[in-house]
$ cat start_21.csv   # CSV, C-alpha atoms
chain,number,residue,atom,x,y,z
A,204,MET,CA,86.4,-19.0,-65.4
A,205,SER,CA,86.8,-15.4,-64.4
A,206,GLU,CA,84.0,-12.9,-64.5
A,207,GLU,CA,85.9,-11.0,-67.4
A,208,ASN,CA,85.9,-14.2,-69.5
A,209,GLU,CA,82.2,-15.1,-68.9
A,210,ASN,CA,79.9,-14.9,-71.9
A,211,VAL,CA,76.5,-13.1,-72.0
A,212,GLY,CA,74.5,-14.9,-74.5
A,213,ALA,CA,76.7,-15.4,-77.5
A,214,VAL,CA,79.1,-12.5,-76.7
A,215,SER,CA,81.9,-12.0,-74.3
A,216,GLN,CA,81.6,-9.9,-71.2
A,217,SER,CA,83.7,-7.1,-72.7
A,218,ARG,CA,81.7,-7.1,-75.9
A,219,TYR,CA,78.5,-7.0,-73.9
A,220,GLU,CA,79.7,-3.9,-72.1
A,221,GLN,CA,80.5,-2.3,-75.5
A,222,ILE,CA,77.0,-3.1,-76.6
A,223,ILE,CA,75.5,-1.6,-73.4
A,224,SER,CA,77.5,1.6,-73.9
A,225,GLU,CA,76.3,1.9,-77.5
A,226,LEU,CA,72.7,1.1,-76.7
A,227,ARG,CA,72.5,3.5,-73.8
A,228,GLU,CA,73.5,6.3,-76.3
A,229,VAL,CA,70.7,5.1,-78.6
A,230,VAL,CA,68.2,5.2,-75.7
A,231,GLU,CA,69.3,8.7,-74.7
A,232,GLN,CA,68.9,9.8,-78.3
A,233,GLN,CA,65.4,8.2,-78.4
A,234,THR,CA,64.5,9.9,-75.1
A,235,ARG,CA,65.6,13.3,-76.6
A,236,GLY,CA,63.7,12.5,-79.7
A,237,GLN,CA,60.5,11.7,-77.8
A,238,PHE,CA,60.8,14.9,-75.8
A,239,THR,CA,61.4,16.9,-79.0
A,240,ILE,CA,58.1,15.5,-80.3
A,241,GLY,CA,56.4,16.5,-77.1
A,242,GLU,CA,57.9,20.0,-77.1
A,243,ARG,CA,56.8,20.7,-80.7
A,244,ALA,CA,53.3,19.4,-79.8
A,245,LEU,CA,53.3,21.8,-76.9
A,246,GLU,CA,54.3,24.6,-79.2
A,247,VAL,CA,51.4,23.8,-81.5
A,248,GLU,CA,49.0,23.4,-78.6
A,249,PRO,CA,50.1,24.6,-75.1
A,250,MET,CA,48.7,22.8,-72.1
A,251,ARG,CA,45.5,24.4,-70.8
A,252,GLN,CA,45.1,25.1,-67.1
A,253,ARG,CA,42.8,22.7,-65.2
A,254,GLY,CA,39.4,24.1,-64.8
A,255,GLY,CA,39.9,26.3,-67.8
A,256,PRO,CA,37.4,26.7,-70.7
A,257,ALA,CA,36.4,23.5,-72.3
A,258,GLY,CA,34.4,22.7,-75.5
A,259,GLU,CA,36.0,24.6,-78.3
A,260,SER,CA,39.6,24.4,-76.9
A,261,GLU,CA,39.3,20.7,-76.4
A,262,TYR,CA,38.1,20.3,-80.0
A,263,THR,CA,40.9,22.4,-81.4
A,264,VAL,CA,43.6,20.5,-79.4
A,265,GLU,CA,42.2,17.2,-80.6
A,266,ARG,CA,42.1,18.4,-84.2
A,267,SER,CA,45.6,19.9,-84.1
A,268,MET,CA,47.1,16.8,-82.5
A,269,GLN,CA,45.4,14.6,-85.1
A,270,ARG,CA,46.8,16.7,-88.0
A,271,LEU,CA,50.3,16.8,-86.4
A,272,ALA,CA,50.3,13.0,-85.9
A,273,GLU,CA,49.3,12.3,-89.5
A,274,ASP,CA,51.9,14.7,-90.9
A,275,ILE,CA,54.8,13.0,-89.0
A,276,GLY,CA,53.4,9.4,-89.4
A,277,LEU,CA,52.7,8.7,-85.7
A,278,SER,CA,49.5,7.8,-83.9
A,279,VAL,CA,47.6,10.6,-82.3
A,280,GLY,CA,47.9,8.8,-78.9
A,281,THR,CA,51.7,8.8,-79.1
A,282,VAL,CA,51.8,12.5,-79.9
A,283,LYS,CA,49.3,13.5,-77.2
A,284,THR,CA,51.3,11.4,-74.6
A,285,ALA,CA,54.6,13.0,-75.7
A,286,ARG,CA,53.0,16.5,-75.3
A,287,TRP,CA,51.8,15.6,-71.8
A,288,VAL,CA,55.1,14.1,-70.7
A,289,ALA,CA,57.1,17.1,-72.0
A,290,SER,CA,54.8,19.4,-70.0
A,291,ARG,CA,55.7,17.4,-66.9
A,292,TRP,CA,59.4,17.5,-67.4
A,293,PRO,CA,61.1,20.9,-68.2
A,294,LYS,CA,64.4,20.5,-70.0
A,295,GLU,CA,66.5,21.2,-66.9
A,296,ARG,CA,64.7,18.4,-65.0
A,297,ARG,CA,65.1,15.6,-67.4
A,298,GLN,CA,67.7,12.9,-66.7
A,299,PRO,CA,68.4,11.0,-69.9
A,300,LYS,CA,71.6,9.5,-68.5
A,301,ILE,CA,69.8,7.5,-65.8
A,302,ALA,CA,66.2,7.3,-67.0
A,303,SER,CA,64.7,6.4,-70.4
A,304,TYR,CA,61.8,8.2,-71.9
A,305,THR,CA,59.5,5.4,-70.7
A,306,VAL,CA,60.7,5.9,-67.2
A,307,HIS,CA,60.1,9.7,-67.5
A,308,ARG,CA,56.6,8.9,-68.8
A,309,SER,CA,55.8,6.6,-65.8
A,310,LEU,CA,57.2,9.1,-63.2
A,311,ALA,CA,55.3,11.9,-64.8
A,312,ASN,CA,52.3,10.4,-63.0
A,313,ILE,CA,53.7,11.8,-59.7
A,314,GLU,CA,51.4,14.8,-59.2
A,315,ASP,CA,53.6,16.9,-56.9
A,316,GLU,CA,56.4,18.3,-59.1
A,317,ASP,CA,58.9,18.7,-56.3
A,318,GLU,CA,58.4,15.1,-55.4
A,319,ARG,CA,58.6,14.1,-59.1
A,320,PHE,CA,61.8,16.0,-59.7
A,321,ALA,CA,63.4,14.5,-56.5
A,322,ALA,CA,62.2,11.0,-57.3
A,323,ILE,CA,64.0,10.7,-60.7
A,324,LEU,CA,67.3,11.7,-59.1
A,325,THR,CA,67.2,8.7,-56.6
A,326,PRO,CA,66.8,5.3,-58.4
A,327,PRO,CA,65.7,2.6,-55.9
A,328,ASP,CA,67.8,0.1,-54.0
A,329,GLY,CA,71.1,2.0,-54.6
A,330,LYS,CA,70.8,1.5,-58.4
A,331,THR,CA,72.5,4.0,-60.7
A,332,ARG,CA,69.8,3.8,-63.3
A,333,TRP,CA,66.0,3.5,-63.4
A,334,THR,CA,64.3,0.4,-64.9
A,335,THR,CA,60.8,0.5,-66.3
A,336,ASP,CA,59.5,-1.8,-63.6
A,337,ASP,CA,61.1,0.3,-60.8
A,338,ALA,CA,59.3,3.4,-62.2
A,339,ASN,CA,56.0,1.7,-62.5
A,340,ARG,CA,56.4,0.3,-59.0
A,341,ARG,CA,57.1,3.8,-57.7
A,342,VAL,CA,53.8,5.1,-59.1
A,343,GLY,CA,51.7,2.0,-58.4
A,344,GLN,CA,51.3,0.8,-61.9
A,345,GLN,CA,51.5,-2.8,-63.2
A,346,VAL,CA,55.0,-4.1,-63.7
A,347,GLU,CA,56.2,-6.4,-66.4
A,348,THR,CA,58.1,-8.7,-64.0
A,349,PRO,CA,56.1,-9.0,-60.8
A,350,ILE,CA,58.0,-9.7,-57.6
A,351,THR,CA,55.7,-9.1,-54.6
A,352,PRO,CA,52.6,-11.2,-54.0
A,353,GLN,CA,50.4,-8.2,-54.7
A,354,GLU,CA,52.2,-7.5,-58.0
A,355,LYS,CA,51.6,-11.1,-59.0
A,356,VAL,CA,48.0,-10.9,-58.1
A,357,THR,CA,47.6,-7.7,-60.2
A,358,ALA,CA,49.3,-9.5,-63.1
A,359,ILE,CA,46.9,-12.5,-62.8
A,360,HIS,CA,43.9,-10.1,-62.8
A,361,SER,CA,45.2,-8.4,-65.9
A,362,LEU,CA,45.7,-11.6,-67.8
A,363,ALA,CA,42.3,-13.0,-66.6
A,364,ARG,CA,40.2,-10.1,-67.8
A,365,ASP,CA,38.7,-12.3,-70.5
A,366,ALA,CA,35.9,-14.4,-68.9
A,367,ASP,CA,37.0,-17.6,-70.5
A,368,VAL,CA,40.6,-17.2,-69.3
A,369,ALA,CA,39.3,-16.3,-65.8
A,370,ALA,CA,37.1,-19.4,-65.7
A,371,ALA,CA,39.9,-21.7,-66.8
A,372,VAL,CA,42.4,-20.2,-64.3
A,373,THR,CA,39.9,-20.4,-61.4
A,374,THR,CA,39.1,-24.0,-62.2
A,375,ASP,CA,42.8,-24.9,-62.3
A,376,PHE,CA,43.5,-23.1,-59.0
A,377,LEU,CA,40.6,-24.7,-57.2
A,378,LYS,CA,42.0,-28.1,-58.2
A,379,ARG,CA,45.1,-27.4,-56.1
A,380,PRO,CA,44.5,-28.4,-52.4
A,381,GLN,CA,47.2,-26.2,-51.1
A,382,VAL,CA,45.5,-23.2,-52.7
A,383,ALA,CA,42.1,-24.1,-51.5
A,384,ALA,CA,43.4,-24.6,-48.0
A,385,LYS,CA,44.5,-20.9,-47.9
A,386,VAL,CA,41.1,-19.6,-48.8
A,387,SER,CA,39.0,-18.4,-45.8
A,388,ALA,CA,35.8,-20.2,-44.9
A,389,GLU,CA,33.8,-17.0,-45.7
A,390,ASP,CA,35.3,-16.7,-49.2
A,391,LYS,CA,34.8,-20.4,-49.8
A,392,VAL,CA,31.1,-20.0,-49.0
A,393,ARG,CA,30.9,-17.0,-51.4
A,394,VAL,CA,32.5,-19.1,-54.1
A,395,VAL,CA,30.1,-22.0,-53.6
A,396,GLU,CA,27.1,-19.6,-53.6
A,397,GLU,CA,28.3,-18.0,-56.8
A,398,PHE,CA,28.9,-21.3,-58.6
A,399,THR,CA,25.6,-22.8,-57.5
A,400,ARG,CA,23.4,-20.0,-58.9
A,401,ASP,CA,22.6,-22.5,-61.7
A,402,GLU,CA,19.8,-24.7,-60.4
A,403,THR,CA,21.2,-27.9,-61.9
A,404,VAL,CA,24.6,-27.2,-60.3
A,405,ALA,CA,23.0,-26.4,-57.0
A,406,THR,CA,20.9,-29.6,-57.0
A,407,THR,CA,24.0,-31.7,-57.8
A,408,ALA,CA,26.1,-30.0,-55.1
A,409,ALA,CA,23.4,-30.2,-52.4
A,410,THR,CA,22.7,-33.9,-53.2
A,411,SER,CA,26.4,-34.7,-53.0
A,412,LEU,CA,26.9,-32.8,-49.7
A,413,LEU,CA,23.9,-34.2,-48.0
A,414,ARG,CA,25.2,-37.7,-48.6
A,415,ARG,CA,27.9,-36.9,-46.0
A,416,PRO,CA,26.4,-37.7,-42.6
A,417,ASP,CA,28.4,-35.0,-40.8
A,418,VAL,CA,27.3,-32.3,-43.2
A,419,ALA,CA,23.6,-33.5,-43.2
A,420,PHE,CA,23.6,-33.5,-39.4
A,421,LYS,CA,24.9,-29.9,-39.2
A,422,ALA,CA,22.6,-28.7,-42.0
A,423,MET,CA,19.5,-30.2,-40.3
A,424,SER,CA,20.4,-28.2,-37.1
A,425,ASP,CA,19.3,-25.1,-39.0
A,426,ASP,CA,15.6,-24.6,-38.6
A,427,THR,CA,15.1,-23.1,-42.0
A,428,ALA,CA,17.1,-25.8,-43.8
A,429,ARG,CA,15.2,-28.5,-41.9
A,430,PHE,CA,11.8,-26.9,-42.7
A,431,GLN,CA,12.7,-26.6,-46.4
A,432,VAL,CA,13.8,-30.3,-46.5
A,433,ASN,CA,10.6,-31.5,-44.8
A,434,HIS,CA,8.5,-29.2,-47.1
A,435,ALA,CA,10.3,-30.6,-50.1
A,436,GLN,CA,9.7,-34.2,-49.0
A,437,ALA,CA,6.0,-33.5,-48.5
A,438,GLU,CA,5.7,-31.6,-51.8
A,439,ARG,CA,7.5,-34.4,-53.7
A,440,SER,CA,5.2,-37.0,-52.1
A,441,ARG,CA,2.2,-34.9,-53.1
A,442,GLN,CA,3.4,-34.5,-56.7
A,443,ALA,CA,4.1,-38.2,-56.9
A,444,HIS,CA,0.7,-39.0,-55.6
A,445,ASP,CA,-1.0,-36.6,-58.0
A,446,TYR,CA,0.9,-38.1,-60.9
A,447,PHE,CA,-0.1,-41.6,-59.9
A,448,GLU,CA,-3.7,-40.6,-59.5
A,449,ARG,CA,-3.7,-39.0,-63.0
A,450,THR,CA,-1.8,-41.7,-65.0
A,451,SER,CA,-2.0,-45.1,-63.3
A,452,PRO,CA,-4.8,-47.5,-64.4
A,453,VAL,CA,-4.9,-49.1,-60.9
A,454,ALA,CA,-5.4,-45.8,-59.1
A,455,PRO,CA,-9.2,-46.4,-58.4
A,456,ALA,CA,-8.4,-49.7,-56.7
A,457,VAL,CA,-5.6,-48.2,-54.7
A,458,ARG,CA,-7.9,-45.4,-53.6
A,459,ASN,CA,-10.2,-48.0,-52.1
A,460,ILE,CA,-7.3,-49.6,-50.3
A,461,ASP,CA,-6.1,-46.2,-49.0
A,462,ARG,CA,-9.6,-45.6,-47.6
A,463,THR,CA,-9.4,-49.0,-45.8
A,464,VAL,CA,-6.0,-48.2,-44.5
A,465,GLU,CA,-7.0,-44.8,-43.3
A,466,PHE,CA,-10.0,-46.4,-41.5
A,467,LEU,CA,-7.8,-49.0,-39.8
A,468,ASP,CA,-5.3,-46.2,-38.8
A,469,LEU,CA,-8.0,-44.2,-37.2
A,470,VAL,CA,-9.5,-47.2,-35.3
A,471,THR,CA,-6.0,-48.2,-34.2
A,472,ALA,CA,-5.2,-44.6,-33.0
A,473,CYS,CA,-8.4,-44.5,-30.9
A,474,HIS,CA,-7.7,-48.0,-29.5
A,475,SER,CA,-4.1,-47.0,-28.7
A,476,PHE,CA,-5.3,-43.9,-26.8
A,477,VAL,CA,-7.9,-45.8,-24.8
A,478,ALA,CA,-5.4,-48.5,-24.0
A,479,ALA,CA,-2.7,-45.9,-22.9
A,480,ALA,CA,-5.3,-44.1,-20.8
A,481,GLY,CA,-6.3,-47.4,-19.2
A,482,ARG,CA,-2.8,-48.1,-18.2
A,483,THR,CA,-1.9,-44.6,-17.0
A,484,VAL,CA,-5.0,-43.2,-15.1
A,485,PRO,CA,-5.0,-46.0,-12.4
A,486,GLY,CA,-1.5,-44.9,-11.6
A,487,LEU,CA,-2.9,-41.6,-10.2
A,488,ARG,CA,-4.5,-43.4,-7.3
A,489,ASP,CA,-3.8,-41.7,-3.9
A,490,ARG,CA,-1.6,-39.1,-5.8
A,491,THR,CA,-2.3,-35.4,-5.5
A,492,LEU,CA,-1.1,-33.4,-8.5
A,493,SER,CA,0.1,-29.9,-8.1
A,494,GLU,CA,-1.8,-26.9,-9.5
A,495,ASP,CA,0.6,-26.6,-12.5
A,496,GLU,CA,0.4,-30.3,-13.2
A,497,ARG,CA,-3.4,-30.3,-13.1
A,498,ALA,CA,-3.4,-27.3,-15.5
A,499,ILE,CA,-1.2,-29.1,-18.0
A,500,VAL,CA,-3.5,-32.2,-17.8
A,501,HIS,CA,-6.6,-30.1,-18.3
A,502,GLN,CA,-5.1,-28.4,-21.3
A,503,ASN,CA,-4.3,-31.8,-22.9
A,504,VAL,CA,-7.7,-33.2,-22.1
A,505,ALA,CA,-9.2,-30.2,-23.8
A,506,LYS,CA,-7.1,-31.0,-26.9
A,507,VAL,CA,-8.2,-34.6,-26.8
A,508,LYS,CA,-11.9,-33.6,-26.5
A,509,ALA,CA,-11.6,-31.2,-29.4
A,510,THR,CA,-9.8,-33.8,-31.5
A,511,LEU,CA,-12.5,-36.4,-30.7
A,512,ASP,CA,-15.2,-33.9,-31.8
A,513,TRP,CA,-13.2,-33.3,-35.0
A,514,ILE,CA,-13.0,-37.1,-35.6
A,515,GLU,CA,-16.7,-37.5,-35.2
A,516,THR,CA,-17.5,-34.7,-37.6
A,517,ALA,CA,-15.1,-36.1,-40.2
A,518,VAL,CA,-16.6,-39.6,-39.8
A,519,ASP,CA,-20.2,-38.3,-40.0
A,520,THR,CA,-19.8,-35.7,-42.8
A,521,GLY,CA,-16.6,-36.4,-44.6
A,522,LYS,CA,-15.4,-32.9,-43.9
A,523,VAL,CA,-11.9,-32.9,-42.4
A,524,ASP,CA,-11.3,-29.1,-42.2
A,525,MET,CA,-10.6,-28.0,-38.7
A,526,ASP,CA,-11.6,-24.6,-37.4
A,527,ASP,CA,-9.0,-21.9,-36.4
A,528,GLU,CA,-9.5,-22.5,-32.7
A,529,LEU,CA,-8.8,-26.2,-32.9
A,530,ALA,CA,-5.8,-25.6,-35.1
A,531,ARG,CA,-4.4,-23.2,-32.6
A,532,MET,CA,-5.1,-25.6,-29.8
A,533,LEU,CA,-3.4,-28.5,-31.5
A,534,LYS,CA,-0.4,-26.3,-32.2
A,535,GLY,CA,-0.2,-25.4,-28.5
A,536,GLU,CA,-1.0,-21.7,-29.0
$ encode --input "start_21.csv" --output "structure tokens"
Amino acid sequence: MSEENENVGAVSQSRYEQIISELREVVEQQTRGQFTIGERALEVEPMRQRGGPAGESEYTVERSMQRLAEDIGLSVGTVKTARWVASRWPKERRQPKIASYTVHRSLANIEDEDERFAAILTPPDGKTRWTTDDANRRVGQQVETPITPQEKVTAIHSLARDADVAAAVTTDFLKRPQVAAKVSAEDKVRVVEEFTRDETVATTAATSLLRRPDVAFKAMSDDTARFQVNHAQAERSRQAHDYFERTSPVAPAVRNIDRTVEFLDLVTACHSFVAAAGRTVPGLRDRTLSEDERAIVHQNVAKVKATLDWIETAVDTGKVDMDDELARMLKGE
């Protein structure tokens, strides 16, 4: 089938060309009509110079445009826009043959008038007429049919302004592995941090991640993370113990057992120390330690003596608090 015999929709190519010719005349008439509205609005209220007097003039312009719009049955926004567009395009600079009024309106955003007047004479990509998208693309505005990745991103942002829509789109995108794979590690971390602001979500996510041995190993290499986990374990044990002490009917009997166990642990610790010393000290026979080695041994012996004094005090008085000097010594400070 030749190109001349191809249909466009329900009409032949030749009929389609007749329709295009007819509608272009209509569009030109609409363009002239819109500019006529703008010109008459300018006649009623000429454009003020930037930086000119405000206040009363702004009020009178608004009031005049409101009255004009009501009298011709248009919205005040339409009339004010037409006034502005007409001010940007003198009659001799308008190009109704190659650009609709909508295109003139978009290109009116080009601030420099020489650049503006030159731009409308040169449609992009060798085209003979301007399209609305081409004009919007020229001035950096959103297009109806996005082509470039950035235009598509802008369109998505526009559609996802509603929070519910944005949440649904984000959820759908994150389910696509090929999309998630292109997100940088830094952005992924920010997304996780944002989504885990909720304590319940954060708890579930952390629990799930720490079940992975590789993740748990790397997480525990962070001193702060390791401290927080150890602290949480100790706090959880303390809370569980306190709850048991308050609610369990067998708590008194268990306390007696705990005391017995603590007594046995203390005796065992002392016995283990004596036994270890008994095995180790004889090995020093005929050996001369260096000055640094002797200093280290003396420091540890001092710790042992202080600890033994602490044990005796706790056993005799029941007071287990240690003084600041002993605490620093045991910490190696």
$ residues_around --input "start_21.csv" --residues "A:Thr335" --least-positions-apart "4" --cutoff "9 Å" --atoms "only C-alpha atoms" --output "MDAnalysis selection string"
chainID A and resid 302:303 305:306 309 339:340 346:347
$ residues_around --input "start_21.csv" --residues "A:Thr263" --least-positions-apart "6" --cutoff "12 Å" --atoms "all atoms listed in the file" --output "ChimeraX atom specification"
/A:247-249,251,257,269-270
$ closest_residue --input "start_21.csv" --among "A:Leu469, A:Lys330, A:Ala388, A:Asp417" --to "A:Ala517" --atoms "all atoms listed in the file"
A:Leu469
$ residues_around --input "start_21.csv" --residues "A:Ala272" --least-positions-apart "2" --cutoff "12 Å" --atoms "only C-alpha atoms" --output "PyMOL selection string"
chain A and resi 240-241+243-244+247+264-270+274-286
$ atom_distance --input "start_21.csv" --atom1 "atom CA of A:Asp390" --atom2 "atom CA of A:Val432"
25.6 Å
$ atom_distance --input "start_21.csv" --atom1 "atom CA of A:Gln237" --atom2 "atom CA of A:Arg308"
10.2 Å
$ atom_distance --input "start_21.csv" --atom1 "atom CA of A:Ala472" --atom2 "atom CA of A:Thr510"
11.8 Å
$ closest_residue --input "start_21.csv" --among "A:Glu273, A:Tyr446, A:Gln502, A:Phe320" --to "A:Arg291" --atoms "all atoms listed in the file"
A:Phe320
$ decode --input "start_21.csv" --residues "stretch 486-496 of chain A" --atoms "all heavy atoms" --output "PDB file, in the first residue's frame"
ATOM      1  N   GLY A 486      57.227 -21.803  87.690  1.00  0.00           N
ATOM      2  CA  GLY A 486      57.867 -21.708  86.393  1.00  0.00           C
ATOM      3  C   GLY A 486      58.834 -20.547  86.289  1.00  0.00           C
ATOM      4  O   GLY A 486      59.587 -20.438  85.305  1.00  0.00           O
ATOM      5  N   LEU A 487      58.831 -19.653  87.270  1.00  0.00           N
ATOM      6  CA  LEU A 487      59.749 -18.520  87.252  1.00  0.00           C
ATOM      7  C   LEU A 487      61.121 -18.858  87.832  1.00  0.00           C
ATOM      8  O   LEU A 487      62.008 -17.987  87.868  1.00  0.00           O
ATOM      9  CB  LEU A 487      59.136 -17.350  88.048  1.00  0.00           C
ATOM     10  CG  LEU A 487      57.808 -16.775  87.504  1.00  0.00           C
ATOM     11  CD1 LEU A 487      57.293 -15.695  88.452  1.00  0.00           C
ATOM     12  CD2 LEU A 487      58.012 -16.202  86.101  1.00  0.00           C
ATOM     13  N   ARG A 488      61.295 -20.105  88.314  1.00  0.00           N
ATOM     14  CA  ARG A 488      62.576 -20.492  88.908  1.00  0.00           C
ATOM     15  C   ARG A 488      63.723 -20.242  87.926  1.00  0.00           C
ATOM     16  O   ARG A 488      63.630 -20.579  86.745  1.00  0.00           O
ATOM     17  CB  ARG A 488      62.532 -21.976  89.281  1.00  0.00           C
ATOM     18  CG  ARG A 488      63.767 -22.470  90.049  1.00  0.00           C
ATOM     19  CD  ARG A 488      63.747 -23.996  90.157  1.00  0.00           C
ATOM     20  NE  ARG A 488      62.529 -24.449  90.788  1.00  0.00           N
ATOM     21  CZ  ARG A 488      62.370 -24.569  92.127  1.00  0.00           C
ATOM     22  NH1 ARG A 488      63.361 -24.247  92.933  1.00  0.00           N
ATOM     23  NH2 ARG A 488      61.230 -24.989  92.618  1.00  0.00           N
ATOM     24  N   ASP A 489      64.770 -19.622  88.431  1.00  0.00           N
ATOM     25  CA  ASP A 489      65.994 -19.325  87.676  1.00  0.00           C
ATOM     26  C   ASP A 489      65.733 -18.425  86.451  1.00  0.00           C
ATOM     27  O   ASP A 489      66.531 -18.399  85.506  1.00  0.00           O
ATOM     28  CB  ASP A 489      66.685 -20.628  87.197  1.00  0.00           C
ATOM     29  CG  ASP A 489      67.093 -21.519  88.370  1.00  0.00           C
ATOM     30  OD1 ASP A 489      67.432 -20.949  89.437  1.00  0.00           O
ATOM     31  OD2 ASP A 489      67.052 -22.754  88.211  1.00  0.00           O
ATOM     32  N   ARG A 490      64.631 -17.711  86.463  1.00  0.00           N
ATOM     33  CA  ARG A 490      64.341 -16.806  85.347  1.00  0.00           C
ATOM     34  C   ARG A 490      64.342 -15.368  85.859  1.00  0.00           C
ATOM     35  O   ARG A 490      63.723 -15.070  86.885  1.00  0.00           O
ATOM     36  CB  ARG A 490      62.991 -17.125  84.728  1.00  0.00           C
ATOM     37  CG  ARG A 490      62.655 -16.194  83.555  1.00  0.00           C
ATOM     38  CD  ARG A 490      61.328 -16.521  82.937  1.00  0.00           C
ATOM     39  NE  ARG A 490      60.974 -15.558  81.896  1.00  0.00           N
ATOM     40  CZ  ARG A 490      59.839 -15.549  81.229  1.00  0.00           C
ATOM     41  NH1 ARG A 490      58.934 -16.485  81.487  1.00  0.00           N
ATOM     42  NH2 ARG A 490      59.593 -14.632  80.310  1.00  0.00           N
ATOM     43  N   THR A 491      65.034 -14.505  85.145  1.00  0.00           N
ATOM     44  CA  THR A 491      65.084 -13.093  85.515  1.00  0.00           C
ATOM     45  C   THR A 491      64.204 -12.297  84.550  1.00  0.00           C
ATOM     46  O   THR A 491      64.435 -12.288  83.342  1.00  0.00           O
ATOM     47  CB  THR A 491      66.525 -12.552  85.447  1.00  0.00           C
ATOM     48  OG1 THR A 491      67.354 -13.349  86.298  1.00  0.00           O
ATOM     49  CG2 THR A 491      66.563 -11.088  85.878  1.00  0.00           C
ATOM     50  N   LEU A 492      63.173 -11.670  85.118  1.00  0.00           N
ATOM     51  CA  LEU A 492      62.274 -10.878  84.285  1.00  0.00           C
ATOM     52  C   LEU A 492      62.882  -9.510  83.989  1.00  0.00           C
ATOM     53  O   LEU A 492      63.631  -8.967  84.781  1.00  0.00           O
ATOM     54  CB  LEU A 492      60.924 -10.691  84.992  1.00  0.00           C
ATOM     55  CG  LEU A 492      60.138 -11.969  85.312  1.00  0.00           C
ATOM     56  CD1 LEU A 492      58.829 -11.619  86.020  1.00  0.00           C
ATOM     57  CD2 LEU A 492      59.858 -12.758  84.050  1.00  0.00           C
ATOM     58  N   SER A 493      62.515  -8.963  82.848  1.00  0.00           N
ATOM     59  CA  SER A 493      62.983  -7.615  82.507  1.00  0.00           C
ATOM     60  C   SER A 493      62.256  -6.586  83.361  1.00  0.00           C
ATOM     61  O   SER A 493      61.269  -6.882  84.051  1.00  0.00           O
ATOM     62  CB  SER A 493      62.722  -7.331  81.026  1.00  0.00           C
ATOM     63  OG  SER A 493      61.316  -7.250  80.791  1.00  0.00           O
ATOM     64  N   GLU A 494      62.754  -5.374  83.307  1.00  0.00           N
ATOM     65  CA  GLU A 494      62.154  -4.302  84.117  1.00  0.00           C
ATOM     66  C   GLU A 494      60.690  -4.083  83.709  1.00  0.00           C
ATOM     67  O   GLU A 494      59.823  -3.918  84.568  1.00  0.00           O
ATOM     68  CB  GLU A 494      62.954  -3.015  83.939  1.00  0.00           C
ATOM     69  CG  GLU A 494      62.443  -1.868  84.807  1.00  0.00           C
ATOM     70  CD  GLU A 494      63.320  -0.632  84.689  1.00  0.00           C
ATOM     71  OE1 GLU A 494      64.437  -0.741  84.133  1.00  0.00           O
ATOM     72  OE2 GLU A 494      62.880   0.438  85.150  1.00  0.00           O
ATOM     73  N   ASP A 495      60.412  -4.076  82.383  1.00  0.00           N
ATOM     74  CA  ASP A 495      59.040  -3.882  81.919  1.00  0.00           C
ATOM     75  C   ASP A 495      58.137  -5.032  82.357  1.00  0.00           C
ATOM     76  O   ASP A 495      56.983  -4.815  82.769  1.00  0.00           O
ATOM     77  CB  ASP A 495      59.004  -3.764  80.386  1.00  0.00           C
ATOM     78  CG  ASP A 495      59.627  -2.464  79.893  1.00  0.00           C
ATOM     79  OD1 ASP A 495      59.717  -1.518  80.713  1.00  0.00           O
ATOM     80  OD2 ASP A 495      60.015  -2.394  78.709  1.00  0.00           O
ATOM     81  N   GLU A 496      58.664  -6.265  82.280  1.00  0.00           N
ATOM     82  CA  GLU A 496      57.869  -7.421  82.694  1.00  0.00           C
ATOM     83  C   GLU A 496      57.552  -7.369  84.187  1.00  0.00           C
ATOM     84  O   GLU A 496      56.432  -7.657  84.604  1.00  0.00           O
ATOM     85  CB  GLU A 496      58.617  -8.707  82.349  1.00  0.00           C
ATOM     86  CG  GLU A 496      58.699  -8.995  80.848  1.00  0.00           C
ATOM     87  CD  GLU A 496      59.585 -10.186  80.530  1.00  0.00           C
ATOM     88  OE1 GLU A 496      60.529 -10.446  81.308  1.00  0.00           O
ATOM     89  OE2 GLU A 496      59.340 -10.841  79.493  1.00  0.00           O
TER      90      GLU A 496
END
